$ cat structure_25.cif   # mmCIF, C-alpha atoms
data_model
loop_
_atom_site.label_atom_id
_atom_site.label_comp_id
_atom_site.auth_asym_id
_atom_site.auth_seq_id
_atom_site.Cartn_x
_atom_site.Cartn_y
_atom_site.Cartn_z
CA MET A 167 6.34 18.52 5.92
CA GLU A 168 4.97 19.98 2.71
CA GLY A 169 7.50 20.36 -0.04
CA GLY A 170 9.97 17.98 1.61
CA ASN A 171 11.98 15.38 -0.24
CA TYR A 172 10.48 12.01 0.52
CA SER A 173 12.57 8.96 -0.26
CA VAL A 174 11.03 5.98 -1.98
CA VAL A 175 10.82 2.98 0.35
CA PRO A 176 11.44 -0.09 -1.85
CA GLU A 177 11.24 -2.61 0.99
CA ILE A 178 10.20 -3.01 4.62
CA VAL A 179 12.55 -4.58 7.17
CA LEU A 180 10.80 -6.83 9.69
CA VAL A 181 12.47 -7.12 13.08
CA GLY A 182 10.95 -10.54 13.73
CA LEU A 183 10.45 -12.28 17.06
CA THR A 184 13.89 -13.07 18.45
CA SER A 185 17.58 -13.08 17.59
CA SER A 186 18.39 -16.11 19.77
CA TRP A 187 19.30 -19.13 17.61
CA GLU A 188 17.89 -21.58 20.17
CA MET A 189 14.57 -19.73 20.31
CA GLN A 190 14.50 -19.48 16.53
CA LEU A 191 14.79 -23.26 16.28
CA VAL A 192 12.01 -23.79 18.83
CA LEU A 193 9.75 -21.26 17.10
CA PHE A 194 10.43 -22.83 13.70
CA LEU A 195 9.40 -26.30 14.94
CA VAL A 196 6.36 -25.10 16.92
CA PHE A 197 5.01 -22.73 14.26
CA SER A 198 5.53 -25.28 11.49
CA MET A 199 3.66 -27.93 13.47
CA PHE A 200 0.75 -25.62 14.35
CA TYR A 201 0.51 -24.26 10.80
CA VAL A 202 0.53 -27.66 9.09
CA ALA A 203 -1.89 -29.20 11.60
CA GLY A 204 -4.26 -26.21 11.46
CA THR A 205 -4.21 -26.04 7.66
CA LEU A 206 -4.84 -29.78 7.27
CA GLY A 207 -7.62 -29.70 9.89
CA ASN A 208 -9.39 -26.78 8.24
CA LEU A 209 -8.89 -28.26 4.76
CA LEU A 210 -10.41 -31.53 5.97
CA ILE A 211 -13.50 -29.67 7.19
CA VAL A 212 -13.92 -27.81 3.88
CA LEU A 213 -13.53 -31.00 1.80
CA THR A 214 -15.84 -32.97 4.11
CA VAL A 215 -18.64 -30.40 3.85
CA ILE A 216 -18.24 -30.17 0.05
CA SER A 217 -18.16 -33.93 -0.54
CA ASP A 218 -20.79 -35.13 1.97
CA SER A 219 -24.38 -34.38 0.93
CA HIS A 220 -25.56 -34.89 4.54
CA LEU A 221 -23.69 -31.69 5.48
CA HIS A 222 -25.17 -29.46 2.78
CA SER A 223 -27.06 -27.35 5.33
CA PRO A 224 -26.50 -23.69 6.29
CA MET A 225 -24.73 -24.48 9.56
CA TYR A 226 -22.09 -26.66 7.92
CA VAL A 227 -21.69 -24.37 4.92
CA LEU A 228 -20.92 -21.53 7.35
CA LEU A 229 -18.49 -23.76 9.27
CA ALA A 230 -16.73 -24.62 6.01
CA ASN A 231 -16.39 -20.90 5.24
CA LEU A 232 -14.92 -20.31 8.70
CA SER A 233 -12.35 -23.05 8.06
CA PHE A 234 -11.58 -21.57 4.63
CA ILE A 235 -10.98 -18.17 6.24
CA ASP A 236 -8.78 -19.69 8.95
CA MET A 237 -6.65 -21.42 6.31
CA TRP A 238 -6.07 -18.15 4.48
CA ILE A 239 -5.48 -15.93 7.48
CA SER A 240 -2.64 -18.28 8.47
CA SER A 241 -1.30 -18.67 4.94
CA ILE A 242 -1.05 -14.91 4.39
CA ILE A 243 1.43 -14.54 7.27
CA VAL A 244 2.83 -17.81 8.63
CA PRO A 245 4.78 -19.27 5.65
CA LYS A 246 6.82 -16.09 5.25
CA MET A 247 7.26 -15.80 9.00
CA ILE A 248 8.60 -19.36 9.16
CA SER A 249 10.91 -18.83 6.18
CA ASP A 250 12.24 -15.61 7.78
CA ILE A 251 13.04 -17.10 11.19
CA PHE A 252 16.64 -18.02 10.37
CA LYS A 253 17.29 -15.04 8.11
CA GLU A 254 19.50 -12.33 9.53
CA ARG A 255 17.72 -9.69 7.44
CA LYS A 256 13.97 -10.17 7.13
CA VAL A 257 12.50 -8.02 4.36
CA ILE A 258 9.31 -7.68 2.38
CA SER A 259 8.78 -5.42 -0.62
CA PHE A 260 6.70 -2.28 -0.15
CA GLN A 261 4.09 -3.63 -2.56
CA GLY A 262 4.16 -6.99 -0.78
CA CYS A 263 3.59 -5.24 2.54
CA ILE A 264 0.56 -3.38 1.17
CA ALA A 265 -0.80 -6.61 -0.33
CA GLN A 266 -0.33 -8.46 2.96
CA MET A 267 -2.22 -5.77 4.87
CA PHE A 268 -4.99 -5.76 2.27
CA PHE A 269 -5.61 -9.51 2.47
CA ILE A 270 -5.28 -9.57 6.28
CA HIS A 271 -8.09 -7.03 6.58
CA VAL A 272 -10.24 -8.65 3.89
CA ILE A 273 -10.06 -12.00 5.68
CA GLY A 274 -10.30 -10.45 9.15
CA GLY A 275 -13.31 -8.31 8.23
CA ALA A 276 -14.99 -11.28 6.54
CA GLU A 277 -14.49 -13.44 9.65
CA MET A 278 -16.07 -10.77 11.89
CA VAL A 279 -19.19 -10.66 9.73
CA LEU A 280 -19.24 -14.45 9.32
CA LEU A 281 -19.30 -14.94 13.09
CA VAL A 282 -22.32 -12.60 13.28
CA VAL A 283 -24.02 -14.63 10.53
CA MET A 284 -23.26 -17.85 12.42
CA ALA A 285 -24.80 -16.35 15.57
CA LEU A 286 -27.92 -15.52 13.51
CA ASP A 287 -27.99 -19.08 12.20
CA ARG A 288 -27.83 -20.48 15.76
CA TYR A 289 -30.56 -18.09 16.89
CA VAL A 290 -32.92 -19.34 14.17
CA ALA A 291 -31.98 -22.99 14.80
CA ILE A 292 -32.49 -22.77 18.58
CA CYS A 293 -35.34 -20.26 18.91
CA LYS A 294 -37.29 -21.00 15.70
CA PRO A 295 -36.48 -24.66 14.88
CA LEU A 296 -39.71 -25.30 12.93
CA HIS A 297 -38.98 -22.41 10.58
CA TYR A 298 -35.22 -22.95 10.31
CA LEU A 299 -35.12 -24.41 6.79
CA THR A 300 -37.58 -21.80 5.56
CA ILE A 301 -35.64 -18.84 6.96
CA MET A 302 -32.08 -20.15 6.43
CA ASN A 303 -32.62 -21.54 2.95
CA PHE A 304 -29.95 -21.83 0.26
CA ARG A 305 -30.72 -18.39 -1.22
CA THR A 306 -30.51 -16.65 2.17
CA CYS A 307 -27.27 -18.45 3.01
CA ALA A 308 -25.72 -17.50 -0.34
CA LEU A 309 -26.73 -13.84 0.06
CA LEU A 310 -25.29 -13.74 3.59
CA LEU A 311 -21.97 -15.18 2.36
CA VAL A 312 -21.84 -12.60 -0.45
CA ALA A 313 -22.38 -9.92 2.20
CA VAL A 314 -19.60 -11.44 4.34
CA TRP A 315 -16.97 -11.14 1.63
CA THR A 316 -18.25 -7.80 0.28
CA ILE A 317 -18.03 -6.19 3.71
CA GLY A 318 -14.55 -7.70 4.22
CA ILE A 319 -13.31 -6.15 0.96
CA ILE A 320 -14.90 -2.76 1.70
CA HIS A 321 -13.40 -2.75 5.20
CA SER A 322 -9.93 -3.47 3.82
CA LEU A 323 -10.14 -0.89 1.04
CA ALA A 324 -11.32 1.72 3.54
CA GLN A 325 -8.28 0.97 5.70
CA LEU A 326 -5.73 1.18 2.90
CA ALA A 327 -7.21 3.98 0.79
CA PHE A 328 -5.49 6.65 2.89
CA VAL A 329 -2.23 4.69 3.32
CA VAL A 330 -0.92 3.88 -0.15
CA ASN A 331 -0.13 7.48 -1.09
CA LEU A 332 1.31 8.61 2.25
CA PRO A 333 4.80 10.21 2.20
CA PHE A 334 7.63 8.09 3.61
CA CYS A 335 10.82 9.70 4.91
CA GLY A 336 13.16 6.75 4.76
CA PRO A 337 12.85 4.71 7.99
CA ASN A 338 11.63 1.30 6.92
CA GLU A 339 11.98 -0.95 9.98
CA VAL A 340 8.82 -2.48 11.48
CA ASP A 341 9.09 -4.14 14.89
CA SER A 342 6.95 -7.12 13.99
CA PHE A 343 7.01 -10.33 11.93
CA PHE A 344 4.39 -9.14 9.42
CA CYS A 345 2.94 -5.91 8.03
CA ASP A 346 -0.04 -4.34 9.74
CA LEU A 347 -1.41 -0.82 9.93
CA PRO A 348 -0.63 0.23 13.54
CA ARG A 349 3.12 -0.18 12.93
CA PHE A 350 3.19 0.58 9.22
CA ILE A 351 1.76 4.09 9.62
CA ARG A 352 4.58 4.94 12.05
CA LEU A 353 6.94 5.03 9.05
CA VAL A 354 5.27 8.04 7.40
CA CYS A 355 6.58 11.60 7.50
CA ILE A 356 3.48 13.28 8.83
CA VAL A 357 1.91 13.49 12.27
CA ILE A 358 0.09 10.19 12.69
CA HIS A 359 -2.46 11.03 15.41
CA ARG A 360 -5.24 11.32 12.85
CA LEU A 361 -4.10 8.13 11.12
CA GLU A 362 -4.12 6.24 14.43
CA LEU A 363 -7.61 7.59 15.12
CA ILE A 364 -8.80 6.32 11.72
CA VAL A 365 -7.37 2.86 12.47
CA ILE A 366 -9.03 2.83 15.90
CA VAL A 367 -12.38 3.97 14.47
CA ASN A 368 -12.26 1.54 11.54
CA SER A 369 -10.77 -1.67 12.92
CA GLY A 370 -10.95 -1.01 16.65
CA PHE A 371 -14.55 0.08 16.94
CA ILE A 372 -15.70 -2.50 14.40
CA SER A 373 -13.98 -5.27 16.40
CA LEU A 374 -15.36 -4.00 19.70
CA GLY A 375 -18.84 -3.34 18.31
CA THR A 376 -19.09 -6.73 16.61
CA PHE A 377 -17.89 -8.47 19.78
CA PHE A 378 -20.62 -6.82 21.86
CA ILE A 379 -23.26 -7.61 19.23
CA LEU A 380 -22.27 -11.27 19.36
CA ILE A 381 -22.22 -11.45 23.16
CA VAL A 382 -25.63 -9.73 23.39
CA SER A 383 -27.04 -12.09 20.76
CA TYR A 384 -25.81 -15.14 22.70
CA ILE A 385 -27.34 -13.80 25.91
CA PHE A 386 -30.61 -13.15 24.06
CA ILE A 387 -30.62 -16.72 22.72
CA LEU A 388 -30.01 -18.19 26.18
CA VAL A 389 -32.70 -16.03 27.79
CA THR A 390 -35.19 -16.99 25.06
CA VAL A 391 -34.44 -20.70 25.51
CA TRP A 392 -34.69 -20.40 29.31
CA HIS A 393 -38.14 -18.78 29.02
CA HIS A 394 -39.38 -21.53 26.74
CA SER A 395 -37.82 -24.49 28.52
CA SER A 396 -35.33 -24.53 31.37
CA SER A 397 -34.36 -28.08 30.39
CA GLY A 398 -33.23 -26.82 26.99
CA LEU A 399 -30.87 -24.30 28.53
CA SER A 400 -28.07 -26.84 29.04
CA LYS A 401 -28.32 -27.97 25.41
CA ALA A 402 -28.22 -24.37 24.20
CA LEU A 403 -25.22 -23.67 26.43
CA SER A 404 -23.45 -26.71 24.99
CA THR A 405 -24.19 -25.56 21.43
CA LEU A 406 -23.12 -21.97 22.03
CA SER A 407 -20.05 -22.72 24.14
CA ALA A 408 -17.94 -23.42 21.05
CA HIS A 409 -19.21 -20.24 19.37
CA ILE A 410 -18.37 -18.12 22.40
CA THR A 411 -14.90 -19.68 22.66
CA VAL A 412 -14.12 -18.86 19.02
CA VAL A 413 -15.45 -15.32 19.41
CA VAL A 414 -13.28 -14.62 22.47
CA LEU A 415 -10.18 -16.18 20.83
CA PHE A 416 -10.61 -14.16 17.65
CA PHE A 417 -11.83 -10.82 18.97
CA GLY A 418 -9.67 -10.58 22.10
CA PRO A 419 -6.40 -9.90 20.24
CA CYS A 420 -8.14 -7.74 17.59
CA ILE A 421 -9.75 -5.49 20.18
CA PHE A 422 -6.50 -5.03 22.09
CA VAL A 423 -4.29 -4.38 19.04
CA TYR A 424 -6.67 -2.02 17.19
CA SER A 425 -8.54 -0.34 20.05
CA TRP A 426 -5.57 0.30 22.35
CA PRO A 427 -3.81 3.47 21.13
CA PHE A 428 -0.42 2.63 22.67
CA ILE A 429 1.83 0.04 21.08
CA THR A 430 3.20 -2.53 23.53
CA VAL A 431 5.58 -4.62 21.44
CA PRO A 432 5.83 -7.93 23.36
CA VAL A 433 2.08 -8.07 24.03
CA ASP A 434 1.18 -7.12 20.44
CA LYS A 435 3.48 -9.79 19.02
CA PHE A 436 2.10 -12.47 21.34
CA LEU A 437 -1.50 -11.61 20.50
CA ALA A 438 -0.70 -11.56 16.78
CA ILE A 439 0.82 -15.05 17.07
CA PHE A 440 -2.30 -16.18 18.89
CA ASP A 441 -4.60 -14.77 16.21
CA VAL A 442 -2.80 -16.05 13.11
CA ILE A 443 -1.50 -19.43 14.34
CA ILE A 444 -3.14 -20.68 17.53
CA THR A 445 -6.76 -19.75 16.80
CA PRO A 446 -6.86 -21.31 13.28
CA PHE A 447 -5.31 -24.44 14.82
CA LEU A 448 -7.87 -24.62 17.65
CA ASN A 449 -10.98 -23.73 15.65
CA PRO A 450 -11.41 -27.16 13.97
CA ALA A 451 -11.08 -28.91 17.34
CA ILE A 452 -13.39 -26.71 19.42
CA TYR A 453 -15.88 -25.77 16.71
CA THR A 454 -16.30 -28.73 14.40
CA PHE A 455 -14.56 -31.96 15.39
CA ARG A 456 -16.71 -32.17 18.55
CA ASN A 457 -19.80 -32.21 16.33
CA LYS A 458 -21.30 -35.70 16.04
CA GLU A 459 -22.48 -35.35 12.43
CA MET A 460 -19.10 -33.99 11.34
CA LYS A 461 -17.25 -36.88 13.00
CA VAL A 462 -19.53 -39.41 11.31
CA ALA A 463 -19.00 -37.70 7.93
CA ILE A 464 -15.20 -37.69 8.35
CA ARG A 465 -15.23 -41.40 9.23
CA ARG A 466 -17.40 -42.06 6.18
CA ILE A 467 -14.92 -40.25 3.93
CA PHE A 468 -11.93 -42.09 5.43
CA ASN A 469 -13.71 -45.42 4.89
CA GLN A 470 -14.43 -44.50 1.28
CA VAL A 471 -10.77 -43.59 0.73
CA LEU A 472 -9.59 -46.85 2.34
CA ASN A 473 -12.00 -48.90 0.25
CA PHE A 474 -10.78 -47.08 -2.87
CA TRP A 475 -7.14 -47.92 -2.11
CA LYS A 476 -8.00 -51.57 -1.41
CA LEU A 477 -9.07 -51.90 -5.04
CA PHE A 478 -5.44 -51.45 -6.17
#
$ encode --input "structure_25.cif" --output "structure tokens"
Amino acid sequence: MEGGNYSVVPEIVLVGLTSSWEMQLVLFLVFSMFYVAGTLGNLLIVLTVISDSHLHSPMYVLLANLSFIDMWISSIIVPKMISDIFKERKVISFQGCIAQMFFIHVIGGAEMVLLVVMALDRYVAICKPLHYLTIMNFRTCALLLVAVWTIGIIHSLAQLAFVVNLPFCGPNEVDSFFCDLPRFIRLVCIVIHRLELIVIVNSGFISLGTFFILIVSYIFILVTVWHHSSSGLSKALSTLSAHITVVVLFFGPCIFVYSWPFITVPVDKFLAIFDVIITPFLNPAIYTFRNKEMKVAIRRIFNQVLNFWKLF
């Protein structure tokens, strides 16, 4: 294709989810409800951890960061998706598409690393409880969070570095409701086998590798607890069950979309919906709201707010 005339692609056309008006109405109501509820739930967790001094410990700081990430991963995609549902022509500028992909991979990469850090935190808390505050002190927690976001940014830049200057021939329709690399690179004028391999190696192998690291770490924690005290195994299982649920919910769609070299449109769209809407909605319920200290802190904040309003 060298020396060819490549047209400038000013905008990307998104096919969306459905053309049925009835389904569009249902999707609009369902997605709006899930997005608002998930955002408010995650925002409540972040504000509770910030405002309650009883929760200023590494575990809750990490949970607040997970909620912050969940809020953003939804907000990058869902508001535009909802606003586009009733539009006959769904478009996003080329620059907007690149920006969306950049932030998706920053947040996604950061969440992968954060889940590994949270597994490390649980290992120290369960297997070395007497040394927990010494090992997971404020400085260590801050350094780990810096690493989380740094790795997320590096991962995203590595993904997009080879994309922004690719030649585009003119086709600008993406069969999805948001911009992401597996579909975006199919618009370029060159043979994409190498590009697909780069995506699989970067996002696919990282997702798969991180998932196995987490599962192995959970097994190691359970085996360690079982060797020390069989009675503590049930408590450890209860503590880790929420972590494992979040890991499966988050990594399942990522592994399929980025590690599977063949695009299957209906499945990809469903998994994307699950990752950007359903998982951020479920995370507060299965990860935090079942925690006794968190529930007490939320009640304390609500009581303070009610007492404040009674003064007026």
$ resolve_selection --input "structure_25.cif" --expression "the PyMOL selection byres ((chain A and resi 370) around 10)" --output "number ranges by chain"
A: 363-369, 371-376, 420-427
$ closest_residue --input "structure_25.cif" --among "A:Asp287, A:Asp236, A:Glu362, A:Glu339" --to "A:Asp441" --atoms "only C-alpha atoms"
A:Asp236
$ residues_around --input "structure_25.cif" --residues "A:Leu448" --least-positions-apart "4" --cutoff "8 Å" --atoms "only C-alpha atoms" --output "VMD selection string"
chain A and resid 204 444 452
$ write_last_selection --input "structure_25.cif" --atoms "C-alpha atoms" --output "PDB file, keeping the file's coordinate frame"
ATOM      1  CA  GLY A 204      -4.260 -26.210  11.460  1.00  0.00           C
ATOM      2  CA  ILE A 444      -3.140 -20.680  17.530  1.00  0.00           C
ATOM      3  CA  ILE A 452     -13.390 -26.710  19.420  1.00  0.00           C
TER       4      ILE A 452
END
$ closest_atom_pairs --input "structure_25.cif" --of "stretch 196-251 of chain A" --to "stretch 258-266 of chain A" --cutoff "12 Å" --atoms "only C-alpha atoms" --output "JSON lines"
{"residue": "A:Trp238", "atom": "CA", "partner": "A:Gln266", "partner_atom": "CA", "distance": 11.4}
{"residue": "A:Ile239", "atom": "CA", "partner": "A:Gln266", "partner_atom": "CA", "distance": 10.1}
{"residue": "A:Ser240", "atom": "CA", "partner": "A:Gln266", "partner_atom": "CA", "distance": 11.5}
{"residue": "A:Ser241", "atom": "CA", "partner": "A:Gln266", "partner_atom": "CA", "distance": 10.4}
{"residue": "A:Ile242", "atom": "CA", "partner": "A:Gln266", "partner_atom": "CA", "distance": 6.6}
{"residue": "A:Ile243", "atom": "CA", "partner": "A:Gln266", "partner_atom": "CA", "distance": 7.7}
{"residue": "A:Val244", "atom": "CA", "partner": "A:Gln266", "partner_atom": "CA", "distance": 11.4}
{"residue": "A:Lys246", "atom": "CA", "partner": "A:Ile258", "partner_atom": "CA", "distance": 9.2}
{"residue": "A:Met247", "atom": "CA", "partner": "A:Ile258", "partner_atom": "CA", "distance": 10.7}
{"residue": "A:Ser249", "atom": "CA", "partner": "A:Ile258", "partner_atom": "CA", "distance": 11.9}
{"residue": "A:Asp250", "atom": "CA", "partner": "A:Ile258", "partner_atom": "CA", "distance": 10.0}
$ write_last_selection --input "structure_25.cif" --atoms "C-alpha atoms" --output "PDB file, keeping the file's coordinate frame"
ATOM      1  CA  TRP A 238      -6.070 -18.150   4.480  1.00  0.00           C
ATOM      2  CA  ILE A 239      -5.480 -15.930   7.480  1.00  0.00           C
ATOM      3  CA  SER A 240      -2.640 -18.280   8.470  1.00  0.00           C
ATOM      4  CA  SER A 241      -1.300 -18.670   4.940  1.00  0.00           C
ATOM      5  CA  ILE A 242      -1.050 -14.910   4.390  1.00  0.00           C
ATOM      6  CA  ILE A 243       1.430 -14.540   7.270  1.00  0.00           C
ATOM      7  CA  VAL A 244       2.830 -17.810   8.630  1.00  0.00           C
ATOM      8  CA  LYS A 246       6.820 -16.090   5.250  1.00  0.00           C
ATOM      9  CA  MET A 247       7.260 -15.800   9.000  1.00  0.00           C
ATOM     10  CA  SER A 249      10.910 -18.830   6.180  1.00  0.00           C
ATOM     11  CA  ASP A 250      12.240 -15.610   7.780  1.00  0.00           C
TER      12      ASP A 250
END
$ closest_residue --input "structure_25.cif" --among "A:Gly274, A:Pro245, A:Pro333, A:Pro224" --to "A:Val290" --atoms "only C-alpha atoms"
A:Pro224
$ atom_distance --input "structure_25.cif" --atom1 "atom CA of A:Val179" --atom2 "atom CA of A:Arg349"
11.9 Å
$ closest_residue --input "structure_25.cif" --among "A:Ser185, A:Leu221, A:Asp346, A:Ser233" --to "A:Asp434" --atoms "all atoms listed in the file"
A:Asp346
$ resolve_selection --input "structure_25.cif" --expression "the PyMOL selection byres ((chain A and resi 186-194) around 9)" --output "count of residues only"
12
$ atom_distance --input "structure_25.cif" --atom1 "atom CA of A:Ala285" --atom2 "atom CA of A:Val272"
20.2 Å
$ atom_distance --input "structure_25.cif" --atom1 "atom CA of A:Val257" --atom2 "atom CA of A:Leu332"
20.2 Å
$ axis_aligned_box --input "structure_25.cif" --around "stretch 201-209 of chain A" --padding-each-side "6 Å" --output "JSON"
{"center_x": -4.4, "center_y": -27.0, "center_z": 8.2, "size_x": 21.9, "size_y": 17.5, "size_z": 18.8}
